[in-house]
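A.B. asks: Compact mmCIF, C-alpha atoms, saved as data-v2.txt, coming up:
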# COMPACT_ATOMS: atom_id res chain seq x y z
CA MET A 1 76.68 120.01 115.69
CA SER A 2 80.42 120.17 115.40
CA LYS A 3 82.76 117.25 115.76
CA GLU A 4 85.83 119.47 115.76
CA ALA A 5 88.43 118.72 118.39
CA GLN A 6 87.88 120.48 121.72
CA ASN A 7 91.54 121.33 122.10
CA LEU A 8 92.81 123.08 125.23
CA TYR A 9 96.02 124.31 123.58
CA PRO A 10 96.56 125.66 120.07
CA MET A 11 96.53 123.08 117.30
CA HIS A 12 96.64 123.37 113.51
CA ALA A 13 93.22 123.84 111.87
CA LEU A 14 93.56 120.61 109.86
CA LEU A 15 94.09 118.60 113.04
CA ILE A 16 91.10 120.32 114.64
CA ARG A 17 88.83 119.53 111.68
CA ARG A 18 89.87 115.87 111.24
CA TRP A 19 87.53 113.24 112.64
CA SER A 20 86.16 109.84 111.62
CA PRO A 21 82.57 110.01 110.37
CA ARG A 22 80.33 107.11 109.35
CA ALA A 23 77.98 109.15 107.14
CA PHE A 24 79.57 109.80 103.76
CA ARG A 25 78.04 111.43 100.69
CA SER A 26 77.95 109.05 97.71
CA ASP A 27 79.72 111.67 95.51
CA ASN A 28 82.79 110.38 93.72
CA ILE A 29 86.17 111.71 94.77
CA PRO A 30 87.90 113.56 91.92
CA GLU A 31 91.02 111.65 90.90
CA GLU A 32 93.27 114.65 91.41
CA LYS A 33 92.17 114.83 95.05
CA LEU A 34 92.63 111.10 95.55
CA ARG A 35 96.20 111.29 94.21
CA THR A 36 97.17 113.87 96.81
CA LEU A 37 96.25 111.41 99.58
CA PHE A 38 98.76 108.80 98.44
CA GLU A 39 101.36 111.51 97.83
CA ALA A 40 100.96 112.47 101.51
CA ALA A 41 101.34 108.84 102.61
CA ARG A 42 104.42 108.47 100.39
CA TRP A 43 106.33 111.25 102.17
CA SER A 44 105.72 110.12 105.72
CA ALA A 45 108.55 108.87 107.93
CA SER A 46 109.55 105.23 108.42
CA GLY A 47 112.22 103.27 110.26
CA GLY A 48 115.26 102.96 108.01
CA ASN A 49 113.12 104.55 105.25
CA GLN A 50 111.66 101.09 104.61
CA GLN A 51 108.28 102.56 103.60
CA PRO A 52 106.39 99.40 104.61
CA TRP A 53 103.02 100.75 103.42
CA ARG A 54 100.96 99.29 100.57
CA PHE A 55 97.40 100.22 99.66
CA ILE A 56 94.68 98.46 97.67
CA LEU A 57 92.24 101.02 96.31
CA GLY A 58 88.58 100.20 95.84
CA THR A 59 86.13 102.61 94.18
CA ASN A 60 82.44 102.08 94.84
CA GLY A 61 81.16 99.81 92.09
CA ASP A 62 84.45 98.12 91.22
CA GLU A 63 85.64 94.65 92.17
CA SER A 64 88.25 95.80 94.70
CA PHE A 65 85.62 97.80 96.56
CA SER A 66 83.32 94.75 96.74
CA LYS A 67 86.11 92.53 98.03
CA ILE A 68 87.09 95.00 100.74
CA LEU A 69 83.44 95.60 101.68
CA ASP A 70 82.85 91.84 101.96
CA SER A 71 85.68 91.58 104.48
CA LEU A 72 84.17 94.14 106.88
CA ASP A 73 82.40 93.30 110.12
CA ASP A 74 78.62 93.76 109.83
CA GLY A 75 78.62 96.95 111.89
CA ASN A 76 81.16 98.60 109.62
CA ARG A 77 79.66 97.28 106.39
CA SER A 78 76.30 98.90 107.13
CA TRP A 79 77.67 102.42 106.68
CA ALA A 80 80.88 101.80 104.70
CA GLN A 81 78.91 100.47 101.73
CA ASN A 82 77.89 104.07 100.97
CA ALA A 83 81.42 105.50 100.95
CA PRO A 84 82.82 106.30 97.49
CA VAL A 85 86.22 104.78 98.31
CA LEU A 86 87.47 101.95 100.51
CA VAL A 87 91.19 101.29 100.90
CA LEU A 88 92.86 98.23 102.37
CA SER A 89 96.12 99.12 104.10
CA VAL A 90 98.80 96.43 104.05
CA GLY A 91 102.09 96.37 105.95
CA LYS A 92 105.35 94.78 104.82
CA LYS A 93 106.62 92.69 107.73
CA THR A 94 110.17 92.25 106.48
CA GLN A 95 113.09 94.51 105.59
CA ASN A 96 113.53 95.43 101.93
CA ARG A 97 117.16 94.31 101.77
CA ASN A 98 116.74 90.94 103.51
CA ASP A 99 114.02 88.83 105.09
CA ARG A 100 114.60 90.00 108.65
CA PRO A 101 111.52 91.27 110.50
CA ASN A 102 110.79 94.99 110.39
CA SER A 103 109.68 95.75 113.96
CA SER A 104 108.16 99.12 113.04
CA TYR A 105 105.93 98.16 110.12
CA ARG A 106 102.64 98.66 111.94
CA TYR A 107 103.78 101.91 113.54
CA ASP A 108 105.02 103.23 110.18
CA LEU A 109 101.87 102.19 108.37
CA GLY A 110 99.86 104.09 110.99
CA GLN A 111 101.94 107.18 110.34
CA ALA A 112 101.40 106.94 106.59
CA VAL A 113 97.63 106.71 107.04
CA ALA A 114 97.75 109.65 109.48
CA HIS A 115 99.49 111.77 106.85
CA LEU A 116 96.94 110.62 104.28
CA SER A 117 94.08 111.56 106.63
CA ILE A 118 95.45 115.04 107.21
CA GLN A 119 95.87 115.63 103.47
CA ALA A 120 92.29 114.36 103.04
CA THR A 121 91.11 117.01 105.49
CA GLU A 122 92.92 119.63 103.39
CA GLU A 123 90.95 118.36 100.36
CA GLY A 124 87.62 118.60 102.18
CA LEU A 125 87.51 114.82 102.59
CA TYR A 126 87.18 112.61 105.65
CA VAL A 127 88.75 109.26 106.50
CA HIS A 128 87.36 106.56 108.80
CA GLN A 129 89.79 103.79 109.71
CA MET A 130 88.62 100.36 110.80
CA GLY A 131 90.21 97.40 112.49
CA GLY A 132 86.96 95.41 112.29
CA PHE A 133 87.48 93.34 109.15
CA ASN A 134 88.68 89.87 108.17
CA PRO A 135 92.35 90.01 107.13
CA ASP A 136 92.39 86.37 105.97
CA LEU A 137 89.53 87.03 103.57
CA CYS A 138 91.46 90.01 102.18
CA ARG A 139 94.63 87.94 101.85
CA GLN A 140 92.75 85.38 99.77
CA ALA A 141 90.76 87.88 97.72
CA PHE A 142 93.82 89.94 96.74
CA SER A 143 96.51 87.19 96.79
CA ILE A 144 98.52 89.00 99.46
CA PRO A 145 101.91 87.27 99.98
CA PRO A 146 102.91 85.94 103.42
CA ASP A 147 105.46 88.69 104.13
CA PHE A 148 102.67 91.28 103.98
CA ASP A 149 99.80 91.74 106.46
CA PRO A 150 96.42 93.44 105.94
CA ILE A 151 96.20 95.87 108.88
CA THR A 152 93.27 98.27 108.44
CA VAL A 153 90.53 99.27 106.03
CA PHE A 154 89.63 102.89 105.66
CA ALA A 155 86.73 104.71 104.02
CA VAL A 156 87.26 108.07 102.30
CA GLY A 157 84.66 110.56 101.12
CA PHE A 158 82.87 113.84 101.60
CA LEU A 159 80.88 114.27 104.78
CA GLY A 160 77.30 113.04 104.69
CA ASP A 161 74.36 113.64 107.00
CA PRO A 162 73.88 111.81 110.31
CA SER A 163 70.26 111.08 109.26
CA GLN A 164 71.65 108.59 106.70
CA LEU A 165 72.65 106.39 109.63
CA GLU A 166 70.56 104.14 111.82
CA GLY A 167 70.47 103.24 115.49
CA ASN A 168 73.66 103.46 117.45
CA ASN A 169 75.68 104.67 114.46
CA ARG A 170 73.49 107.75 114.19
CA ILE A 171 73.88 108.48 117.90
CA ARG A 172 77.65 108.10 117.78
CA GLU A 173 77.87 110.42 114.78
CA THR A 174 76.86 113.43 116.85
CA GLU A 175 78.20 112.51 120.28
CA PRO A 176 80.98 114.70 121.73
CA ARG A 177 84.49 113.34 121.19
CA GLN A 178 86.43 112.18 124.24
CA ARG A 179 90.16 112.19 124.91
CA MET A 180 92.39 111.47 127.92
CA ALA A 181 93.63 114.32 130.08
CA PHE A 182 97.29 115.26 129.66
CA ASP A 183 98.29 113.88 133.06
CA GLU A 184 97.13 110.45 131.89
CA PHE A 185 99.63 110.19 129.02
CA VAL A 186 102.46 112.77 129.30
CA PHE A 187 104.90 111.67 131.97
CA SER A 188 108.32 112.63 133.28
CA GLY A 189 110.77 111.06 135.73
CA THR A 190 108.96 107.75 135.92
CA PHE A 191 106.11 106.06 134.07
CA GLY A 192 102.75 107.37 135.30
CA GLN A 193 104.13 110.52 136.90
CA PRO A 194 102.52 113.53 135.18
CA SER A 195 104.90 115.96 133.48
CA SER A 196 105.08 119.47 134.94
CA LEU A 197 104.49 120.72 131.37
CA PHE A 198 100.75 120.41 132.10
CA PRO A 199 100.24 121.74 135.63
CA MET B 1 120.10 122.67 100.28
CA SER B 2 116.47 121.83 100.79
CA LYS B 3 115.17 118.64 102.30
CA GLU B 4 111.59 119.43 101.38
CA ALA B 5 109.60 116.61 99.83
CA GLN B 6 109.89 116.36 96.04
CA ASN B 7 106.20 115.69 95.60
CA LEU B 8 104.76 114.96 92.16
CA TYR B 9 101.19 115.86 93.15
CA PRO B 10 99.95 118.66 95.38
CA MET B 11 100.49 118.17 99.12
CA HIS B 12 99.94 120.45 102.12
CA ALA B 13 102.90 122.74 102.90
CA LEU B 14 103.37 121.21 106.38
CA LEU B 15 103.76 117.74 104.89
CA ILE B 16 106.22 119.10 102.32
CA ARG B 17 108.33 120.80 105.00
CA ARG B 18 108.42 117.87 107.47
CA TRP B 19 111.58 115.77 107.51
CA SER B 20 113.81 114.08 110.11
CA PRO B 21 117.04 116.00 110.72
CA ARG B 22 119.94 114.97 112.94
CA ALA B 23 121.34 118.48 113.45
CA PHE B 24 119.34 120.36 116.07
CA ARG B 25 120.00 123.77 117.58
CA SER B 26 120.52 123.55 121.34
CA ASP B 27 117.86 126.27 121.91
CA ASN B 28 115.17 125.31 124.38
CA ILE B 29 111.67 124.76 123.11
CA PRO B 30 109.21 127.25 124.64
CA GLU B 31 106.73 125.36 126.81
CA GLU B 32 103.72 126.74 124.95
CA LYS B 33 105.05 125.21 121.72
CA LEU B 34 105.79 121.91 123.39
CA ARG B 35 102.24 121.69 124.74
CA THR B 36 100.76 121.99 121.26
CA LEU B 37 102.63 118.83 120.20
CA PHE B 38 100.95 116.66 122.81
CA GLU B 39 97.61 118.31 122.08
CA ALA B 40 98.03 117.17 118.46
CA ALA B 41 98.87 113.62 119.56
CA ARG B 42 95.86 113.62 121.89
CA TRP B 43 93.37 114.22 119.08
CA SER B 44 94.63 111.59 116.67
CA ALA B 45 92.52 108.55 115.78
CA SER B 46 92.73 105.14 117.46
CA GLY B 47 90.97 101.81 117.25
CA GLY B 48 87.96 101.86 119.57
CA ASN B 49 89.25 105.26 120.81
CA GLN B 50 91.62 103.34 123.10
CA GLN B 51 94.30 106.07 122.82
CA PRO B 52 97.14 103.63 123.53
CA TRP B 53 99.81 106.35 123.46
CA ARG B 54 101.94 107.39 126.42
CA PHE B 55 104.96 109.71 126.37
CA ILE B 56 107.87 110.24 128.73
CA LEU B 57 109.29 113.71 128.23
CA GLY B 58 112.97 114.45 128.72
CA THR B 59 114.40 117.97 128.56
CA ASN B 60 118.13 118.31 127.94
CA GLY B 61 119.76 118.45 131.38
CA ASP B 62 117.08 116.60 133.33
CA GLU B 63 117.07 113.01 134.55
CA SER B 64 114.50 111.72 132.06
CA PHE B 65 116.56 113.07 129.17
CA SER B 66 119.68 111.29 130.45
CA LYS B 67 117.84 108.00 130.88
CA ILE B 68 116.41 108.16 127.36
CA LEU B 69 119.77 109.22 125.90
CA ASP B 70 121.50 106.30 127.66
CA SER B 71 119.12 103.87 125.97
CA LEU B 72 120.00 105.00 122.43
CA ASP B 73 122.25 103.13 120.03
CA ASP B 74 125.65 104.80 119.65
CA GLY B 75 124.88 106.15 116.20
CA ASN B 76 121.75 107.92 117.43
CA ARG B 77 123.29 109.10 120.71
CA SER B 78 126.04 110.99 118.89
CA TRP B 79 123.63 113.56 117.47
CA ALA B 80 120.59 113.18 119.75
CA GLN B 81 122.61 114.36 122.78
CA ASN B 82 122.41 117.91 121.36
CA ALA B 83 118.62 117.97 120.91
CA PRO B 84 116.73 120.06 123.49
CA VAL B 85 114.04 117.39 123.95
CA LEU B 86 113.92 113.60 123.79
CA VAL B 87 110.64 111.74 124.18
CA LEU B 88 110.11 108.04 124.78
CA SER B 89 106.92 106.79 123.15
CA VAL B 90 105.18 103.91 124.90
CA GLY B 91 102.26 101.84 123.66
CA LYS B 92 99.55 100.20 125.76
CA LYS B 93 99.25 96.60 124.60
CA THR B 94 95.89 95.86 126.21
CA GLN B 95 92.36 97.22 126.00
CA ASN B 96 91.32 99.81 128.59
CA ARG B 97 88.19 97.89 129.64
CA ASN B 98 89.78 94.47 130.01
CA ASP B 99 93.14 92.77 129.59
CA ARG B 100 92.57 91.58 126.04
CA PRO B 101 95.28 92.50 123.53
CA ASN B 102 94.83 95.69 121.52
CA SER B 103 95.99 94.67 118.04
CA SER B 104 96.32 98.26 116.83
CA TYR B 105 98.46 99.78 119.57
CA ARG B 106 101.61 100.19 117.47
CA TYR B 107 99.67 101.49 114.48
CA ASP B 108 97.79 103.97 116.66
CA LEU B 109 100.94 105.12 118.45
CA GLY B 110 102.52 105.79 115.05
CA GLN B 111 99.53 107.92 114.10
CA ALA B 112 99.77 109.94 117.30
CA VAL B 113 103.46 110.67 116.69
CA ALA B 114 102.68 111.59 113.08
CA HIS B 115 100.14 114.16 114.28
CA LEU B 116 102.66 115.43 116.80
CA SER B 117 105.32 115.76 114.06
CA ILE B 118 103.02 117.74 111.80
CA GLN B 119 102.09 120.10 114.64
CA ALA B 120 105.83 120.45 115.36
CA THR B 121 106.37 121.54 111.75
CA GLU B 122 103.68 124.18 112.23
CA GLU B 123 105.65 125.44 115.28
CA GLY B 124 108.91 125.65 113.32
CA LEU B 125 110.17 122.50 115.04
CA TYR B 126 111.44 119.20 113.66
CA VAL B 127 111.05 115.64 114.93
CA HIS B 128 113.39 112.71 114.35
CA GLN B 129 112.01 109.30 115.34
CA MET B 130 114.26 106.38 116.19
CA GLY B 131 113.81 102.67 116.55
CA GLY B 132 117.47 102.22 117.50
CA PHE B 133 117.33 102.15 121.29
CA ASN B 134 117.15 99.61 124.10
CA PRO B 135 113.53 99.19 125.24
CA ASP B 136 114.48 96.96 128.19
CA LEU B 137 116.77 99.65 129.56
CA CYS B 138 113.91 102.16 129.28
CA ARG B 139 111.50 99.75 130.96
CA GLN B 140 113.86 99.45 133.93
CA ALA B 141 114.80 103.13 134.07
CA PHE B 142 111.19 104.36 134.07
CA SER B 143 109.47 101.35 135.77
CA ILE B 144 107.27 100.70 132.75
CA PRO B 145 104.63 98.04 133.58
CA PRO B 146 104.40 94.82 131.54
CA ASP B 147 101.23 95.80 129.68
CA PHE B 148 103.07 98.76 128.12
CA ASP B 149 105.88 98.63 125.54
CA PRO B 150 108.51 101.27 124.74
CA ILE B 151 108.26 101.63 120.94
CA THR B 152 110.26 104.64 119.72
CA VAL B 153 112.35 107.55 120.94
CA PHE B 154 112.06 110.87 119.18
CA ALA B 155 114.11 114.06 119.28
CA VAL B 156 112.43 117.46 118.94
CA GLY B 157 114.04 120.83 118.32
CA PHE B 158 114.78 123.67 115.96
CA LEU B 159 116.83 122.87 112.88
CA GLY B 160 120.59 123.04 113.30
CA ASP B 161 123.40 123.16 110.78
CA PRO B 162 124.73 120.06 108.98
CA SER B 163 128.27 121.15 109.90
CA GLN B 164 127.49 120.18 113.52
CA LEU B 165 127.46 116.57 112.38
CA GLU B 166 130.35 114.25 111.60
CA GLY B 167 131.03 111.56 109.03
CA ASN B 168 128.12 109.69 107.57
CA ASN B 169 125.57 111.66 109.59
CA ARG B 170 126.70 114.88 107.91
CA ILE B 171 126.45 113.30 104.47
CA ARG B 172 122.96 111.92 105.12
CA GLU B 173 121.77 115.31 106.38
CA THR B 174 122.01 116.85 102.91
CA GLU B 175 121.33 113.83 100.70
CA PRO B 176 118.18 113.92 98.55
CA ARG B 177 115.22 112.08 100.07
CA GLN B 178 114.01 108.92 98.35
CA ARG B 179 110.55 107.43 98.13
CA MET B 180 108.93 104.55 96.23
CA ALA B 181 107.08 105.22 92.99
CA PHE B 182 103.29 105.07 93.17
CA ASP B 183 103.07 101.84 91.17
CA GLU B 184 105.09 100.16 93.92
CA PHE B 185 102.54 100.76 96.66
CA VAL B 186 99.10 101.77 95.30
CA PHE B 187 97.37 98.70 93.90
CA SER B 188 93.95 97.71 92.61
CA GLY B 189 92.35 94.40 91.64
CA THR B 190 95.08 92.27 93.14
CA PHE B 191 98.11 92.82 95.33
CA GLY B 192 101.03 94.19 93.28
CA GLN B 193 98.90 95.36 90.37
CA PRO B 194 99.35 99.13 90.00
CA SER B 195 96.21 101.24 90.32
CA SER B 196 95.10 103.12 87.20
CA LEU B 197 94.96 106.23 89.43
CA PHE B 198 98.68 106.72 88.65
CA PRO B 199 99.08 105.99 84.93
Output the file's structure in the form of structure tokens.

C.D. replies:
Amino acid sequence: MSKEAQNLYPMHALLIRRWSPRAFRSDNIPEEKLRTLFEAARWSASGGNQQPWRFILGTNGDESFSKILDSLDDGNRSWAQNAPVLVLSVGKKTQNRNDRPNSSYRYDLGQAVAHLSIQATEEGLYVHQMGGFNPDLCRQAFSIPPDFDPITVFAVGFLGDPSQLEGNNRIRETEPRQRMAFDEFVFSGTFGQPSSLFP
Amino acid sequence: MSKEAQNLYPMHALLIRRWSPRAFRSDNIPEEKLRTLFEAARWSASGGNQQPWRFILGTNGDESFSKILDSLDDGNRSWAQNAPVLVLSVGKKTQNRNDRPNSSYRYDLGQAVAHLSIQATEEGLYVHQMGGFNPDLCRQAFSIPPDFDPITVFAVGFLGDPSQLEGNNRIRETEPRQRMAFDEFVFSGTFGQPSSLFP
């Protein structure tokens, strides 16, 4: 099976290879590889260069990992417990220079994690991002101040085998990936009118 | 001058090369290159695979370009008017299956534009994203429905020369890029406590 993107137009090999597995090998991630991921996040773009991304790193077996794992929805916890690394992503809601709201903090955090995921692919690693977790539990467990919001949790590791998974998770691990057609999301002239770029 | 990232740890060449210029050459972007950008966006990750990204494509000289340009803050309009392409990014605020809010639509849209930007770098193109525009004007101009929100505008093109720019924009075009240190954003144990990954 291959979960590579079924792209219709050329796309960089890293973007073709990237996907979000649930089966991870238990192997530790070498620290030098892990550092490159946060380097990639660090150099992503942000509105006014506010860099509203913060990350709490948990390594399987340490306290941070347990706290993050405890915050996950049951469905995610069942497979994420085997990942070597779990990271809580946190967004800064306010500007660095004053307390005014930063309207792009979620968008910018998403970009940083995208860069991190692509660097992970380069390192032979995979990233699975999750929205299904309890942010309030994370806020308490890590004493996250009110001007910051826990936004996602993501697992990082080397690819495992679908047979590690059970039930629906195993099925989803090998199902073909689905994406919208171009005329559903690239418009011109008015919203909803397909662009002539994709005839 | 080089605006490449000054990374301390290894990072993929595309991520090193990516930055957000204001000086673009007026050269058109070949359609086959432009298509690869939206292909890259299409295959990015999203919560529940909701793919909440929509794009309105404006090519310099057409009506969509003018509408997007008109919505920009003065500071952005001064340089963006010379870019060959302007794109309005729009996020879908609700789930596809029902009308419940999609809490990750901004985060996911950011990821899609990050993928697009990295593919652009591969094509020799550069992307500059902007939050400084009038979303209400865009909503009117493109008849954007209430369950969608205009989030950013981005310019795409080949790199121009800083001497095209005036005043502060010219200065910023060659200034060194700044990023936080790792101990400011990679934590472990508790929020704000630097991870031992970066000693």

A.B. asks: If we count only C-alpha atoms, what is near B:Tyr105 at a cut-off of 7 Å, once residues fewer than 4 positions away on the same chain are taken out, given as a list of chain:residue names?

C.D. replies: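 So, after excluding close chain neighbours, the residues are B:Pro52, B:Gly91, B:Lys92, B:Lys93, B:Leu109.
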
A.B. asks: Let's have the selection written as a PDB file, in the frame of the given file, with C-alpha atoms.

C.D. replies:
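Once everything was written out, this is part.pdb:
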ATOM      1  CA  PRO B  52      97.140 103.630 123.530  1.00  0.00           C
ATOM      2  CA  GLY B  91     102.260 101.840 123.660  1.00  0.00           C
ATOM      3  CA  LYS B  92      99.550 100.200 125.760  1.00  0.00           C
ATOM      4  CA  LYS B  93      99.250  96.600 124.600  1.00  0.00           C
ATOM      5  CA  LEU B 109     100.940 105.120 118.450  1.00  0.00           C
TER       6      LEU B 109
END

A.B. asks: When you look at B:Ala181 with a cut-off of 12 Å (counting all atoms listed in the file), what residues show up, excluding the ones that are within fewer than 6 positions of it in the same chain? I need them as a list in words.

C.D. replies: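 Listing them by chain and then by number gives Phe38, Glu39, Ala41, Arg42, Trp43, Gln51 and Arg54 of chain A; Gln6, Asn7, Leu8, Phe187, Pro194, Ser195, Phe198 and Pro199 of chain B.
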
A.B. asks: Just to be explicit: take each residue in the selection above, keep C-alpha atoms, and write the result as a PDB file, keeping the file's coordinate frame.

C.D. replies:
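Heads up, here's the output in part36.pdb:
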ATOM      1  CA  PHE A  38      98.760 108.800  98.440  1.00  0.00           C
ATOM      2  CA  GLU A  39     101.360 111.510  97.830  1.00  0.00           C
ATOM      3  CA  ALA A  41     101.340 108.840 102.610  1.00  0.00           C
ATOM      4  CA  ARG A  42     104.420 108.470 100.390  1.00  0.00           C
ATOM      5  CA  TRP A  43     106.330 111.250 102.170  1.00  0.00           C
ATOM      6  CA  GLN A  51     108.280 102.560 103.600  1.00  0.00           C
ATOM      7  CA  ARG A  54     100.960  99.290 100.570  1.00  0.00           C
TER       8      ARG A  54
ATOM      9  CA  GLN B   6     109.890 116.360  96.040  1.00  0.00           C
ATOM     10  CA  ASN B   7     106.200 115.690  95.600  1.00  0.00           C
ATOM     11  CA  LEU B   8     104.760 114.960  92.160  1.00  0.00           C
ATOM     12  CA  PHE B 187      97.370  98.700  93.900  1.00  0.00           C
ATOM     13  CA  PRO B 194      99.350  99.130  90.000  1.00  0.00           C
ATOM     14  CA  SER B 195      96.210 101.240  90.320  1.00  0.00           C
ATOM     15  CA  PHE B 198      98.680 106.720  88.650  1.00  0.00           C
ATOM     16  CA  PRO B 199      99.080 105.990  84.930  1.00  0.00           C
TER      17      PRO B 199
END

A.B. asks: Around all of stretch 27-46 of chain A's listed atoms, make the axis-aligned box with 8 Å on each side and tell me centre and edge lengths in Å to one decimal, as lines of an AutoDock Vina configuration file.

C.D. replies:
center_x = 94.6
center_y = 110.0
center_z = 99.7
size_x = 45.8
size_y = 25.6
size_z = 33.5

A.B. asks: Define the interface residues of chain A facing chain B as those within 6 Å, counting only C-alpha atoms, and report them as a list in words.

C.D. replies: Tyr9, Pro10, Met11, Thr36, Arg54, Phe55, Ile56, Leu57, Ser64, Arg106, Tyr107, Gly110, Gln111, Ala114, Phe142, Ile144, Phe185, Val186, Phe187, Ser188, Gly189, Thr190 and Phe191 of chain A

A.B. asks: Please produce an output containing C-alpha atoms for each residue in the selection, written as a short mmCIF file (atom, residue, chain, number, x, y, z; two decimals), keeping the file's coordinate frame.

C.D. replies:
data_model
loop_
_atom_site.label_atom_id
_atom_site.label_comp_id
_atom_site.auth_asym_id
_atom_site.auth_seq_id
_atom_site.Cartn_x
_atom_site.Cartn_y
_atom_site.Cartn_z
CA TYR A 9 96.02 124.31 123.58
CA PRO A 10 96.56 125.66 120.07
CA MET A 11 96.53 123.08 117.30
CA THR A 36 97.17 113.87 96.81
CA ARG A 54 100.96 99.29 100.57
CA PHE A 55 97.40 100.22 99.66
CA ILE A 56 94.68 98.46 97.67
CA LEU A 57 92.24 101.02 96.31
CA SER A 64 88.25 95.80 94.70
CA ARG A 106 102.64 98.66 111.94
CA TYR A 107 103.78 101.91 113.54
CA GLY A 110 99.86 104.09 110.99
CA GLN A 111 101.94 107.18 110.34
CA ALA A 114 97.75 109.65 109.48
CA PHE A 142 93.82 89.94 96.74
CA ILE A 144 98.52 89.00 99.46
CA PHE A 185 99.63 110.19 129.02
CA VAL A 186 102.46 112.77 129.30
CA PHE A 187 104.90 111.67 131.97
CA SER A 188 108.32 112.63 133.28
CA GLY A 189 110.77 111.06 135.73
CA THR A 190 108.96 107.75 135.92
CA PHE A 191 106.11 106.06 134.07
#

A.B. asks: So how many Å separate atom CA of A:Ala155 and atom CA of A:Asn168, to one decimal?

C.D. replies: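 It comes out at 18.8 Å.
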
A.B. asks: For B:Val156, which residue among B:Ala80, B:Arg100, B:Asp74, B:Val127 is the nearest when counting only C-alpha atoms?

C.D. replies: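 Among the listed residues, B:Val127 lies closest to B:Val156.
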
A.B. asks: Show me the residues around (82.3, 105.8, 107.9) - criterion: an atom at most 10 Å away, all atoms listed in the file counted - as a ChimeraX atom specification.

C.D. replies: /A:20-24,76-83,86,126-130,154-157,159-160,165,169,173

A.B. asks: Report, in Å with one decimal, the straight-line distance from atom CA of B:Val85 to atom CA of B:Asn28.

C.D. replies: 8.0 Å

A.B. asks: Suppose you want the space between atom CA of A:Pro84 and atom CA of A:Leu69; what is it in Å?

C.D. replies: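 Taking atom CA of A:Pro84 as the start and atom CA of A:Leu69 as the end point, the length is 11.5 Å.
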
A.B. asks: When you look at A:Ser71 with a cut-off of 6 Å (counting only C-alpha atoms), what residues show up, excluding the ones that are within fewer than 3 positions of it in the same chain? I need them as number ranges by chain.

C.D. replies: A: 68, 133-134

A.B. asks: So, with only C-alpha atoms as the atoms that count, which of B:Phe158, B:Leu125, B:Pro135, B:Gln164 lies closest to B:Asp73?

C.D. replies: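 Ranked by minimum distance to B:Asp73, first place goes to B:Pro135.
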
A.B. asks: Ranking B:Gly75, B:Arg170, B:Asp147, B:Gly124 by minimum distance to B:Gln95 and counting all atoms listed in the file, which one comes first?

C.D. replies: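 Nearest to B:Gln95: B:Asp147.
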